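Everything below belongs to target_19.txt, which stores compact mmCIF, C-alpha atoms.
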```
# COMPACT_ATOMS: atom_id res chain seq x y z
CA MET A 1 35.90 124.95 50.64
CA PHE A 2 38.86 126.71 52.18
CA ASN A 3 40.26 125.71 55.52
CA THR A 4 40.05 129.00 57.44
CA LYS A 5 43.43 128.26 59.05
CA SER A 6 45.14 127.63 55.72
CA VAL A 7 47.66 130.14 54.40
CA ASP A 8 45.68 130.27 51.13
CA PHE A 9 42.57 131.52 52.94
CA ILE A 10 44.56 133.94 55.11
CA TRP A 11 46.24 135.39 52.01
CA LEU A 12 42.84 136.07 50.40
CA VAL A 13 41.54 137.72 53.60
CA LEU A 14 44.62 139.95 53.81
CA MET A 15 44.20 140.99 50.18
CA GLY A 16 40.53 141.80 50.84
CA LEU A 17 41.38 143.91 53.90
CA THR A 18 43.92 145.85 51.80
CA LEU A 19 41.21 146.71 49.28
CA LEU A 20 38.97 147.81 52.17
CA SER A 21 41.75 150.15 53.37
CA ALA A 22 42.06 151.50 49.82
CA ALA A 23 38.35 152.34 49.82
CA ILE A 24 38.74 154.12 53.16
CA ALA A 25 41.69 156.10 51.75
CA GLU A 26 39.30 157.55 49.16
CA SER A 27 36.70 158.43 51.80
CA PRO A 28 36.32 162.23 52.14
CA ASP A 29 35.70 162.18 55.89
CA GLN A 30 37.53 159.80 58.24
CA GLY A 31 35.65 159.65 61.52
CA LEU A 32 36.40 157.56 64.58
CA VAL A 33 34.66 154.49 63.17
CA LEU A 34 36.83 154.47 60.05
CA ILE A 35 39.95 155.05 62.15
CA LEU A 36 39.00 152.04 64.27
CA VAL A 37 38.46 149.95 61.13
CA ILE A 38 41.93 150.92 59.85
CA THR A 39 43.43 150.19 63.26
CA PHE A 40 41.76 146.79 63.42
CA THR A 41 42.98 146.04 59.89
CA VAL A 42 46.61 146.79 60.84
CA ALA A 43 46.36 144.72 64.03
CA TYR A 44 44.66 141.77 62.31
CA LYS A 45 47.02 141.70 59.32
CA GLY A 46 50.03 141.84 61.64
CA ARG A 47 48.67 139.04 63.82
CA MET A 48 47.93 136.78 60.85
CA ILE A 49 51.41 137.23 59.39
CA VAL A 50 53.10 136.74 62.76
CA ASP A 51 51.08 133.63 63.63
CA HIS A 52 50.68 131.91 60.26
CA PHE A 53 53.26 133.22 57.78
CA MET A 54 56.13 133.55 60.29
CA GLU A 55 54.68 130.46 62.00
CA LEU A 56 55.18 131.87 65.47
CA LYS A 57 51.83 130.59 66.74
CA ASP A 58 53.39 127.43 68.15
CA ALA A 59 56.98 128.63 68.17
CA ASN A 60 59.19 130.23 70.81
CA ARG A 61 56.97 132.15 73.26
CA LEU A 62 59.29 135.12 73.75
CA LEU A 63 59.53 135.74 70.00
CA ARG A 64 55.79 135.21 69.52
CA ASN A 65 54.84 137.63 72.28
CA SER A 66 57.41 140.24 71.18
CA MET A 67 55.98 140.27 67.68
CA ARG A 68 52.35 140.17 68.82
CA VAL A 69 52.82 143.08 71.24
CA TYR A 70 54.13 145.21 68.36
CA PHE A 71 50.75 144.89 66.68
CA TYR A 72 48.89 145.97 69.80
CA VAL A 73 51.13 148.97 70.51
CA ILE A 74 51.33 150.51 67.00
CA PRO A 75 47.56 150.30 66.31
CA GLY A 76 46.98 151.68 69.83
CA MET A 77 49.21 154.64 68.98
CA ILE A 78 47.16 155.31 65.83
CA VAL A 79 44.02 155.65 67.96
CA LEU A 80 45.73 157.78 70.63
CA VAL A 81 47.11 160.17 68.02
CA TYR A 82 43.62 160.49 66.50
CA LEU A 83 41.89 161.06 69.85
CA PHE A 84 44.45 163.26 71.66
CA PRO A 85 46.61 165.08 69.08
CA ASP A 86 46.76 168.36 71.01
CA LEU A 87 47.65 166.70 74.32
CA ILE A 88 50.43 164.66 72.68
CA ALA A 89 51.69 167.77 70.88
CA ARG A 90 51.77 169.66 74.21
CA LEU A 91 53.57 166.84 76.00
CA THR A 92 56.19 166.58 73.26
CA THR A 93 56.88 170.29 72.77
CA LEU A 94 60.43 171.16 73.81
CA MET B 1 66.71 120.70 39.65
CA PRO B 2 64.41 117.92 38.41
CA ASP B 3 60.71 118.40 39.12
CA SER B 4 60.25 114.69 39.65
CA ILE B 5 61.76 114.50 43.13
CA ALA B 6 59.35 112.37 45.06
CA PRO B 7 58.11 113.97 48.26
CA SER B 8 59.36 112.28 51.37
CA PRO B 9 56.62 110.26 53.04
CA GLN B 10 57.57 111.93 56.32
CA ALA B 11 57.00 115.66 56.27
CA VAL B 12 59.29 117.70 58.49
CA ILE B 13 57.12 119.33 61.17
CA PRO B 14 58.65 122.10 63.30
CA ALA B 15 58.89 121.20 66.99
CA LYS B 16 56.71 123.11 69.43
CA ASN B 17 58.49 126.19 70.84
CA HIS B 18 61.11 126.07 68.08
CA ILE B 19 62.85 129.19 66.81
CA PRO B 20 62.10 129.70 63.08
CA GLY B 21 65.41 130.18 61.28
CA ASN B 22 68.01 130.86 63.94
CA MET B 23 68.61 133.18 66.89
CA ALA B 24 70.90 135.47 64.87
CA ILE B 25 68.20 136.35 62.33
CA TRP B 26 65.83 137.19 65.19
CA VAL B 27 68.35 139.63 66.65
CA GLY B 28 68.32 141.26 63.22
CA ILE B 29 64.53 141.17 62.90
CA LEU B 30 63.88 142.66 66.35
CA SER B 31 66.51 145.35 65.66
CA GLU B 32 64.85 146.20 62.35
CA MET B 33 61.39 146.27 63.94
CA THR B 34 62.76 148.67 66.55
CA GLU B 35 64.21 150.86 63.79
CA PHE B 36 60.84 150.96 62.01
CA ALA B 37 59.09 151.66 65.34
CA LEU B 38 61.31 154.73 65.77
CA MET B 39 60.26 155.90 62.29
CA PHE B 40 56.60 155.41 63.25
CA ILE B 41 57.12 157.45 66.42
CA VAL B 42 58.70 160.21 64.31
CA TYR B 43 55.62 160.04 62.03
CA PHE B 44 53.22 160.32 65.00
CA LEU B 45 55.10 163.24 66.54
CA ALA B 46 55.46 165.07 63.22
CA LYS B 47 51.74 164.54 62.62
CA VAL B 48 50.49 165.97 65.92
CA HIS B 49 52.76 169.00 65.49
CA ASN B 50 51.90 169.52 61.79
CA PRO B 51 48.34 168.22 61.32
CA GLU B 52 47.65 170.29 58.19
CA PHE B 53 50.52 168.72 56.20
CA PHE B 54 49.59 165.19 57.31
CA SER B 55 45.96 165.83 56.41
CA GLU B 56 46.75 166.99 52.85
CA GLY B 57 49.81 164.81 52.18
CA PRO B 58 48.10 161.42 51.64
CA LEU B 59 45.66 163.02 49.17
CA ARG B 60 48.62 164.07 46.99
CA LEU B 61 50.12 160.58 46.88
CA ASN B 62 49.44 157.91 44.26
CA THR B 63 47.13 155.67 46.33
CA THR B 64 46.91 153.07 43.56
CA ALA B 65 50.69 152.55 43.72
CA GLY B 66 50.50 152.14 47.50
CA VAL B 67 47.64 149.63 47.26
CA LEU B 68 49.35 147.66 44.48
CA ASN B 69 52.57 147.44 46.48
CA THR B 70 50.63 146.20 49.53
CA LEU B 71 49.01 143.47 47.44
CA VAL B 72 52.39 142.60 45.89
CA LEU B 73 54.14 142.30 49.26
CA LEU B 74 51.32 140.25 50.81
CA SER B 75 51.51 137.91 47.81
CA SER B 76 55.28 137.64 48.14
CA SER B 77 54.88 136.61 51.79
CA TYR B 78 52.29 134.04 50.75
CA PHE B 79 54.68 132.62 48.13
CA VAL B 80 57.46 132.39 50.73
CA ILE B 81 55.35 130.43 53.24
CA LYS B 82 54.23 128.15 50.39
CA ALA B 83 57.93 127.56 49.61
CA ILE B 84 58.59 126.63 53.26
CA LYS B 85 55.66 124.22 53.28
CA SER B 86 56.86 122.67 50.00
CA ILE B 87 60.40 121.98 51.18
CA ARG B 88 59.11 120.36 54.38
CA ILE B 89 57.39 117.69 52.31
CA GLY B 90 60.39 117.25 50.05
CA GLN B 91 58.98 119.13 47.03
CA VAL B 92 62.24 120.93 46.31
CA ALA B 93 61.44 122.02 42.75
CA ARG B 94 58.07 123.41 43.81
CA CYS B 95 59.78 125.21 46.68
CA GLN B 96 62.14 126.89 44.23
CA ARG B 97 59.23 127.90 42.01
CA TRP B 98 57.45 129.62 44.91
CA LEU B 99 60.68 131.41 45.79
CA TRP B 100 61.09 132.67 42.22
CA TYR B 101 57.51 134.01 42.40
CA ALA B 102 58.49 135.85 45.61
CA VAL B 103 61.58 137.33 43.93
CA ALA B 104 59.38 138.45 41.03
CA MET B 105 57.08 140.18 43.52
CA GLY B 106 60.10 141.90 45.10
CA ALA B 107 61.15 143.17 41.66
CA LEU B 108 57.60 144.28 40.88
CA TYR B 109 57.46 146.18 44.17
CA LEU B 110 60.65 148.05 43.24
CA ILE B 111 59.33 148.87 39.76
CA ILE B 112 56.06 150.23 41.21
CA LYS B 113 57.93 152.22 43.85
CA PHE B 114 60.26 153.84 41.30
CA TYR B 115 57.24 154.63 39.10
CA GLU B 116 55.60 156.23 42.14
CA TYR B 117 58.68 158.34 42.89
CA HIS B 118 58.76 159.43 39.24
CA TRP B 119 55.02 160.24 39.40
CA ASN B 120 55.69 162.34 42.51
CA SER B 121 58.62 164.08 40.88
CA GLU B 122 56.51 165.10 37.88
CA ARG B 123 54.13 166.81 40.32
CA GLY B 124 56.92 168.60 42.15
CA LEU B 125 56.70 166.39 45.25
CA ALA B 126 60.14 165.98 46.82
CA THR B 127 61.81 165.35 50.17
CA ASP B 128 61.71 169.07 51.00
CA THR B 129 58.11 169.75 49.89
CA ASP B 130 56.93 169.68 53.52
CA ILE B 131 57.37 167.60 56.68
CA PHE B 132 54.90 164.96 55.47
CA PHE B 133 56.95 164.30 52.35
CA THR B 134 60.21 164.26 54.32
CA VAL B 135 58.76 161.50 56.53
CA TYR B 136 57.23 159.75 53.50
CA TYR B 137 60.49 159.64 51.52
CA TYR B 138 62.67 158.71 54.50
CA THR B 139 60.37 155.86 55.56
CA THR B 140 59.51 154.46 52.12
CA PHE B 141 63.08 154.67 50.77
CA ASN B 142 64.37 152.90 53.87
CA HIS B 143 61.74 150.21 53.34
CA LEU B 144 62.59 149.99 49.64
CA LEU B 145 66.21 149.16 50.55
CA HIS B 146 64.97 146.31 52.75
CA VAL B 147 62.92 144.91 49.85
CA GLY B 148 66.03 145.08 47.65
CA TRP B 149 68.35 143.14 49.92
CA GLY B 150 65.51 140.87 51.07
CA SER B 151 65.02 139.84 47.43
CA GLY B 152 68.76 139.19 47.27
CA ALA B 153 68.45 136.94 50.32
CA ILE B 154 65.71 134.91 48.62
CA LEU B 155 67.98 134.52 45.58
CA TRP B 156 70.71 133.30 47.95
CA ALA B 157 68.26 130.70 49.33
CA ILE B 158 67.41 129.53 45.80
CA MET B 159 71.14 129.10 45.11
CA GLY B 160 71.46 127.24 48.40
CA ILE B 161 68.74 124.81 47.36
CA ARG B 162 70.25 124.30 43.91
CA MET B 163 73.69 123.60 45.42
CA GLY B 164 72.26 121.18 47.98
CA GLY B 165 73.02 123.30 51.04
CA ILE B 166 69.32 123.73 51.83
CA THR B 167 67.31 120.50 51.89
CA GLN B 168 64.11 119.05 53.31
CA HIS B 169 65.89 118.08 56.51
CA ASN B 170 68.22 121.08 56.73
CA HIS B 171 66.40 124.27 55.80
CA SER B 172 66.89 126.59 58.77
CA GLY B 173 68.69 128.98 56.38
CA LEU B 174 65.57 129.16 54.22
CA GLU B 175 63.41 129.68 57.32
CA ALA B 176 65.68 132.56 58.37
CA VAL B 177 65.27 134.23 54.97
CA ALA B 178 61.51 133.62 55.14
CA VAL B 179 60.96 135.23 58.55
CA TYR B 180 63.15 138.17 57.52
CA TRP B 181 61.05 138.66 54.39
CA HIS B 182 57.83 138.53 56.45
CA MET B 183 59.30 141.24 58.71
CA ILE B 184 59.66 143.47 55.63
CA ASP B 185 56.00 142.81 54.82
CA LEU B 186 55.00 143.59 58.42
CA ALA B 187 56.73 146.98 58.27
CA TRP B 188 54.82 147.85 55.08
CA ILE B 189 51.54 146.80 56.70
CA VAL B 190 52.03 149.71 59.12
CA ILE B 191 53.59 152.13 56.60
CA PHE B 192 50.73 151.82 54.09
CA PRO B 193 47.89 153.08 56.33
CA LEU B 194 50.08 155.70 58.02
CA LEU B 195 51.16 157.37 54.78
CA TYR B 196 48.44 156.56 52.24
CA VAL B 197 45.21 156.09 54.22
CA LEU B 198 45.13 158.05 57.50
CA ARG B 199 44.54 161.76 57.35
```
Written form, structure tokens:
Amino acid sequence: MFNTKSVDFIWLVLMGLTLLSAAIAESPDQGLVLILVITFTVAYKGRMIVDHFMELKDANRLLRNSMRVYFYVIPGMIVLVYLFPDLIARLTTL
Amino acid sequence: MPDSIAPSPQAVIPAKNHIPGNMAIWVGILSEMTEFALMFIVYFLAKVHNPEFFSEGPLRLNTTAGVLNTLVLLSSSYFVIKAIKSIRIGQVARCQRWLWYAVAMGALYLIIKFYEYHWNSERGLATDTDIFFTVYYYTTFNHLLHVGWGSGAILWAIMGIRMGGITQHNHSGLEAVAVYWHMIDLAWIVIFPLLYVLR
């Protein structure tokens, strides 16, 4: 059995999530649910690499938080752009 | 380097709150992450202003190449962390082997990416096809350059191990290369869904 905290197990999970994203890429219609799945995938992959591959989980707090925040903000922007494209376009029109 | 180096009975365990690598590499990593964040903001803005191009663009790309490169980069990151864990227990030869696997993944990534660019070119897809492809080429070529010099950095670490500059008890240089390589993987983890999956 795999230790779920081991890098071997995490690697397999990340590979599986990539294949899930590939299946979604082929999906003809991407609704909110699929967008949320993609967003979660990005956030989760980022968190796993930051915590376990970069080994920031028990490392310097400032570095850990800086890297973790990145993978809250970018996935959040994916959802915002999906939900409010016209509003964002209006706000960013010169 | 002989494969028979006995692992030290005392594994080197990083102290709590330590800085992986060194502070200088983290200045570089945070700068690079900021640079990629600016590219992502450009992508988001271009998308909301040109939704039709960003809806059609991903369908014209070679998704298989994008998926393969994601799997290749994730595997390279896995090999790098295995190398770090090996050197901490004194398994220097095994560490080098994992690093060579990571370099091979870096080379494979570049081969797949150049094949993808060639595949695009045969279909008339270029930097000036539309705004989606301008963003696609700017972002992916920039990332490709990082994979190139990141692979060079791993080769430098292998040389450092072979020459005795990187050891079980002095491997902050290897850690610095490792976290930099993971940063390159992190950037691709965002690039892949933005350009190949989301429409």
Contact residues (chain B, partner chain A, 7 Å, all atoms listed in the file) as a list of chain:residue names:
B:Lys16, B:Asn17, B:His18, B:Ile19, B:Phe44, B:Val48, B:His49, B:Val67, B:Leu71, B:Tyr78, B:Ile81, B:Val179, B:His182, B:Leu186, B:Ile189, B:Val190, B:Tyr196, B:Val197, B:Leu198
File dump, residues just selected, C-alpha atoms, as a PDB file, keeping the file's coordinate frame:
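Saved file result16.pdb follows:
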```pdb
ATOM      1  CA  LYS B  16      56.710 123.110  69.430  1.00  0.00           C
ATOM      2  CA  ASN B  17      58.490 126.190  70.840  1.00  0.00           C
ATOM      3  CA  HIS B  18      61.110 126.070  68.080  1.00  0.00           C
ATOM      4  CA  ILE B  19      62.850 129.190  66.810  1.00  0.00           C
ATOM      5  CA  PHE B  44      53.220 160.320  65.000  1.00  0.00           C
ATOM      6  CA  VAL B  48      50.490 165.970  65.920  1.00  0.00           C
ATOM      7  CA  HIS B  49      52.760 169.000  65.490  1.00  0.00           C
ATOM      8  CA  VAL B  67      47.640 149.630  47.260  1.00  0.00           C
ATOM      9  CA  LEU B  71      49.010 143.470  47.440  1.00  0.00           C
ATOM     10  CA  TYR B  78      52.290 134.040  50.750  1.00  0.00           C
ATOM     11  CA  ILE B  81      55.350 130.430  53.240  1.00  0.00           C
ATOM     12  CA  VAL B 179      60.960 135.230  58.550  1.00  0.00           C
ATOM     13  CA  HIS B 182      57.830 138.530  56.450  1.00  0.00           C
ATOM     14  CA  LEU B 186      55.000 143.590  58.420  1.00  0.00           C
ATOM     15  CA  ILE B 189      51.540 146.800  56.700  1.00  0.00           C
ATOM     16  CA  VAL B 190      52.030 149.710  59.120  1.00  0.00           C
ATOM     17  CA  TYR B 196      48.440 156.560  52.240  1.00  0.00           C
ATOM     18  CA  VAL B 197      45.210 156.090  54.220  1.00  0.00           C
ATOM     19  CA  LEU B 198      45.130 158.050  57.500  1.00  0.00           C
TER      20      LEU B 198
END
```
Give the answer as one residue: which of B:Ala176, B:Ile184, B:Ala24, B:Ala11 has the shortest atom-to-atom distance to Ile87 in chain B, using only C-alpha atoms?
B:Ala11
Pick from B:Leu74, B:Ile89, B:Leu38, B:Met163 nearest to Gln10 in chain B, counting only C-alpha atoms:
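So, comparing all the options, the nearest one is B:Ile89.
Look at His169 in chain B: the protein and nucleic acid residues within 9 Å of it, using all atoms listed in the file and passing over chain neighbours fewer than 4 places away, are Val12, Ile87, Arg88 and Gly90 of chain B.
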Just write the chosen residues, C-alpha atoms, as a PDB file, keeping the file's coordinate frame.
```
ATOM      1  CA  VAL B  12      59.290 117.700  58.490  1.00  0.00           C
ATOM      2  CA  ILE B  87      60.400 121.980  51.180  1.00  0.00           C
ATOM      3  CA  ARG B  88      59.110 120.360  54.380  1.00  0.00           C
ATOM      4  CA  GLY B  90      60.390 117.250  50.050  1.00  0.00           C
TER       5      GLY B  90
END
```
Please determine, counting only C-alpha atoms, which residue among B:Gly106, B:Gly57, B:Gly173, B:Gly150 has the shortest atom-to-atom distance to Val135 in chain B.
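Using only C-alpha atoms, Val135 in chain B sits closest to B:Gly57.
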From the options A:Val13, A:Leu32, A:Leu20, A:Leu83, which residue's atoms come nearest to Tyr44 in chain A, counting only C-alpha atoms?
A:Val13
Suppose you want the space between CA of Tyr101 in chain B and CA of Arg162 in chain B; what is it in Å?
16.1 Å
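If you measure from each of B:Thr134, B:Glu122, B:Trp149, B:Leu99 to Lys47 in chain B using all atoms listed in the file, the closest one turns out to be B:Thr134.
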Env of Leu108 in chain B: 12 Å cut, atoms = all atoms listed in the file, seq-sep filter 5 positions within chain, self excluded. Answer as a ChimeraX atom specification.
/B:65,68-73,75-76,101-103,113-115,144,147-148,151
Correct to one decimal, the distance CA of Glu32 in chain B-CA of Gly66 in chain B is 21.5 Å
